[in-house]
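upload.cif (mmCIF, C-alpha atoms)
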```
data_input
#
loop_
_atom_site.label_atom_id
_atom_site.label_comp_id
_atom_site.auth_asym_id
_atom_site.auth_seq_id
_atom_site.Cartn_x
_atom_site.Cartn_y
_atom_site.Cartn_z
CA MET I 1465 -71.92 -18.83 139.93
CA ALA I 1466 -71.72 -17.49 143.49
CA ASN I 1467 -74.53 -18.88 145.66
CA LYS I 1468 -75.03 -20.63 148.99
CA ASN I 1469 -74.33 -24.10 147.55
CA THR I 1470 -71.05 -23.04 145.94
CA LEU I 1471 -70.07 -21.24 149.16
CA GLU I 1472 -70.71 -24.43 151.15
CA SER I 1473 -68.59 -26.34 148.63
CA ALA I 1474 -65.75 -23.80 148.86
CA PHE I 1475 -65.80 -24.02 152.66
CA ALA I 1476 -65.74 -27.84 152.49
CA GLY I 1477 -62.71 -27.58 150.20
CA LEU I 1478 -60.96 -25.29 152.69
CA VAL I 1479 -61.59 -27.73 155.55
CA ASP I 1480 -60.53 -30.72 153.42
CA ALA I 1481 -57.29 -28.99 152.39
CA LEU I 1482 -56.46 -28.25 156.03
CA ASP I 1483 -57.34 -31.82 157.10
CA ARG I 1484 -55.03 -33.23 154.42
CA GLY I 1485 -52.23 -30.83 155.25
CA ASP I 1486 -52.46 -29.36 151.73
CA LEU I 1487 -51.41 -25.90 152.82
CA GLU I 1488 -50.93 -24.64 149.26
CA ARG I 1489 -54.58 -25.39 148.48
CA PHE I 1490 -55.67 -24.09 151.90
CA PHE I 1491 -53.89 -20.75 151.49
CA GLY I 1492 -55.04 -20.51 147.86
CA THR I 1493 -58.57 -20.08 149.20
CA ILE I 1494 -57.54 -16.94 151.10
CA LEU I 1495 -57.10 -13.57 149.37
CA ALA I 1496 -53.58 -12.10 149.70
CA ASP I 1497 -54.95 -8.97 151.40
CA ALA I 1498 -57.43 -10.81 153.64
CA VAL I 1499 -57.79 -9.57 157.20
CA ILE I 1500 -57.23 -12.44 159.64
CA MET I 1501 -57.65 -12.25 163.40
CA ASP I 1502 -56.67 -15.58 164.88
CA GLU I 1503 -57.28 -16.59 168.47
CA ASP I 1504 -53.59 -17.41 168.82
CA LEU I 1505 -52.26 -14.04 167.57
CA PRO I 1506 -52.43 -10.67 169.36
CA PHE I 1507 -52.71 -8.72 166.07
CA ARG I 1508 -54.28 -8.76 162.59
CA VAL I 1509 -52.43 -10.41 159.72
CA ASP I 1510 -52.90 -10.87 155.99
CA ARG I 1511 -52.46 -14.20 154.20
CA ALA I 1512 -48.65 -13.98 154.27
CA GLY I 1513 -48.70 -13.35 158.02
CA PHE I 1514 -51.09 -16.25 158.53
CA GLU I 1515 -48.86 -18.49 156.41
CA THR I 1516 -45.91 -17.59 158.67
CA HIS I 1517 -48.00 -18.32 161.75
CA ILE I 1518 -49.16 -21.72 160.48
CA ALA I 1519 -45.62 -22.57 159.29
CA PHE I 1520 -44.41 -22.11 162.87
CA HIS I 1521 -46.93 -24.68 164.08
CA ALA I 1522 -46.34 -27.07 161.19
CA SER I 1523 -42.54 -26.91 161.49
CA GLY I 1524 -42.29 -29.50 164.23
CA THR I 1525 -43.72 -27.58 167.17
CA TRP I 1526 -46.80 -29.77 166.89
CA GLU I 1527 -46.97 -33.48 166.16
CA ASN I 1528 -50.43 -32.92 164.71
CA PHE I 1529 -53.37 -30.60 164.86
CA THR I 1530 -56.89 -30.40 163.45
CA TRP I 1531 -59.51 -27.73 163.06
CA LYS I 1532 -63.02 -29.21 163.17
CA PRO I 1533 -65.92 -26.85 162.47
CA GLY I 1534 -69.44 -27.44 163.75
CA GLU I 1535 -72.81 -25.68 163.89
CA VAL I 1536 -71.79 -23.96 160.65
CA ARG I 1537 -74.15 -21.45 159.02
CA PHE I 1538 -73.82 -20.14 155.48
CA ARG I 1539 -75.16 -16.93 153.97
CA ALA I 1540 -74.68 -15.77 150.39
CA LEU I 1541 -75.97 -12.47 149.04
CA GLY I 1542 -74.78 -11.99 145.49
CA ASP I 1543 -71.00 -12.09 145.46
CA VAL I 1544 -70.64 -11.69 149.24
CA GLY I 1545 -70.93 -14.56 151.68
CA SER I 1546 -70.39 -15.37 155.32
CA VAL I 1547 -69.64 -18.59 157.13
CA THR I 1548 -70.07 -18.67 160.91
CA GLY I 1549 -69.86 -21.40 163.48
CA PHE I 1550 -67.98 -23.07 166.24
CA ALA I 1551 -64.73 -24.96 165.79
CA MET I 1552 -62.56 -27.20 167.92
CA PHE I 1553 -58.84 -26.88 167.57
CA ARG I 1554 -57.21 -30.09 168.73
CA GLY I 1555 -53.45 -30.32 168.74
CA LYS I 1556 -50.63 -32.33 170.20
CA PRO I 1557 -47.45 -30.38 170.87
CA ARG I 1558 -44.22 -32.37 170.89
CA ASP I 1559 -43.55 -33.85 174.34
CA ALA I 1560 -46.90 -32.71 175.76
CA GLY I 1561 -50.47 -33.91 175.95
CA TYR I 1562 -53.31 -32.98 173.64
CA ARG I 1563 -54.79 -29.51 173.82
CA LEU I 1564 -58.38 -28.66 173.00
CA ARG I 1565 -59.42 -25.12 172.21
CA PRO I 1566 -63.12 -24.49 171.49
CA MET I 1567 -63.75 -21.32 169.53
CA MET I 1568 -66.21 -19.31 167.50
CA PHE I 1569 -65.39 -18.13 163.99
CA THR I 1570 -66.71 -15.82 161.29
CA GLN I 1571 -65.42 -15.75 157.73
CA GLY I 1572 -66.23 -13.18 155.05
CA TRP I 1573 -66.08 -14.58 151.50
CA ILE I 1574 -66.04 -12.88 148.09
CA GLY I 1575 -67.47 -14.76 145.11
CA SER I 1576 -66.42 -14.33 141.49
CA SER I 1577 -66.31 -16.35 138.27
CA ALA I 1578 -63.12 -17.92 139.69
CA GLY I 1579 -64.99 -19.11 142.80
CA TRP I 1580 -65.22 -18.08 146.44
CA ARG I 1581 -62.22 -16.71 148.36
CA ILE I 1582 -61.85 -15.65 152.01
CA ALA I 1583 -61.59 -11.88 152.52
CA SER I 1584 -61.74 -11.94 156.32
CA TRP I 1585 -61.49 -14.54 159.06
CA HIS I 1586 -61.90 -13.98 162.77
CA GLN I 1587 -61.83 -16.68 165.40
CA SER I 1588 -61.73 -16.40 169.15
CA PRO I 1589 -61.91 -18.80 172.08
CA ILE I 1590 -65.34 -19.35 173.53
CA VAL I 1591 -64.00 -18.73 177.03
CA GLY I 1592 -63.62 -15.07 176.04
CA HIS I 1593 -67.34 -14.77 175.31
CA VAL I 1594 -70.42 -14.62 177.54
CA ASN I 1595 -70.32 -17.22 180.31
CA ARG I 1596 -73.71 -16.44 181.84
CA PRO I 1597 -76.77 -14.29 181.18
CA SER I 1598 -76.60 -10.55 181.70
CA PRO I 1599 -78.04 -9.25 184.97
CA ALA I 1600 -81.78 -8.60 184.78
#
```

Starting from the coordinates I provided, produce the structure as structure tokens.
Amino acid sequence: MANKNTLESAFAGLVDALDRGDLERFFGTILADAVIMDEDLPFRVDRAGFETHIAFHASGTWENFTWKPGEVRFRALGDVGSVTGFAMFRGKPRDAGYRLRPMMFTQGWIGSSAGWRIASWHQSPIVGHVNRPSPA
């Protein structure tokens, strides 16, 4: 049954799969026709495009990388859900020091009897957002 608790569980499974490097399970959570706008790509991609993008990073370009979400908020309304929050991308390219990239993300999820799946995912670096209050 699609509800906030099952959405939280699906998101935890996504994060766990990525942490373990289980890319088959990770990508299995994303619909084939999902719309993905990643902070590291200048264009929208679907799951296949995202798989190609991640494969580039996992192919030896990086020694390791992690995606750690925080301040996560969940919302489920029937069979539609959203997950929003901040995340820290931490990676170590070969022959270079660690890189940290703080970002914000929003995911749109669709629930069904088969469980929750990602229909859209947008993440962007925090540096591209508001740095100070608007003028009064």

message = I need the output of the PyMOL selection byres ((chain I and resi 1568-1585) around 7) for this file as a VMD selection string; which residues are they?
response = chain I and resid 1465 to 1466 1471 1474 1493 to 1495 1498 to 1501 1543 to 1551 1567 1586 to 1590

message = Residue by residue, what does the PyMOL selection byres ((chain I and resi 1512) around 10) grab here? Present the result as number ranges by chain.
response = I: 1491, 1494-1498, 1509-1511, 1513-1518

task = Tell me which of I:Asp1502, I:Glu1488, I:Glu1472, I:Asp1483 sits closest to Arg1539 of chain I, counting only C-alpha atoms.
result =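 So, comparing all the options, the nearest one is I:Glu1472.
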
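Atom CA of Phe1553 of chain I lies 11.9 Å from atom CA of Leu1482 of chain I.
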
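With atom CA of Arg1563 of chain I on one side and atom CA of Gly1534 of chain I on the other, the separation reads 17.9 Å.
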
message = So, with all atoms listed in the file as the atoms that count, which of I:Asn1467, I:Thr1530, I:Ser1473, I:Thr1525 lies closest to Gly1485 of chain I?
response =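 Of all the options, I:Thr1530 lies closest to Gly1485 of chain I.
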
inquiry  = Just the number, please: distance in Å from atom CA of Val1536 of chain I to atom CA of Thr1470 of chain I, one decimal.
reply    = 14.8 Å

task = Starting from the displayed file, determine the output of the PyMOL selection byres ((chain I and resi 1529) around 8) and express the residue list as a ChimeraX atom specification.
result = /I:1526-1528,1530-1531,1553-1556
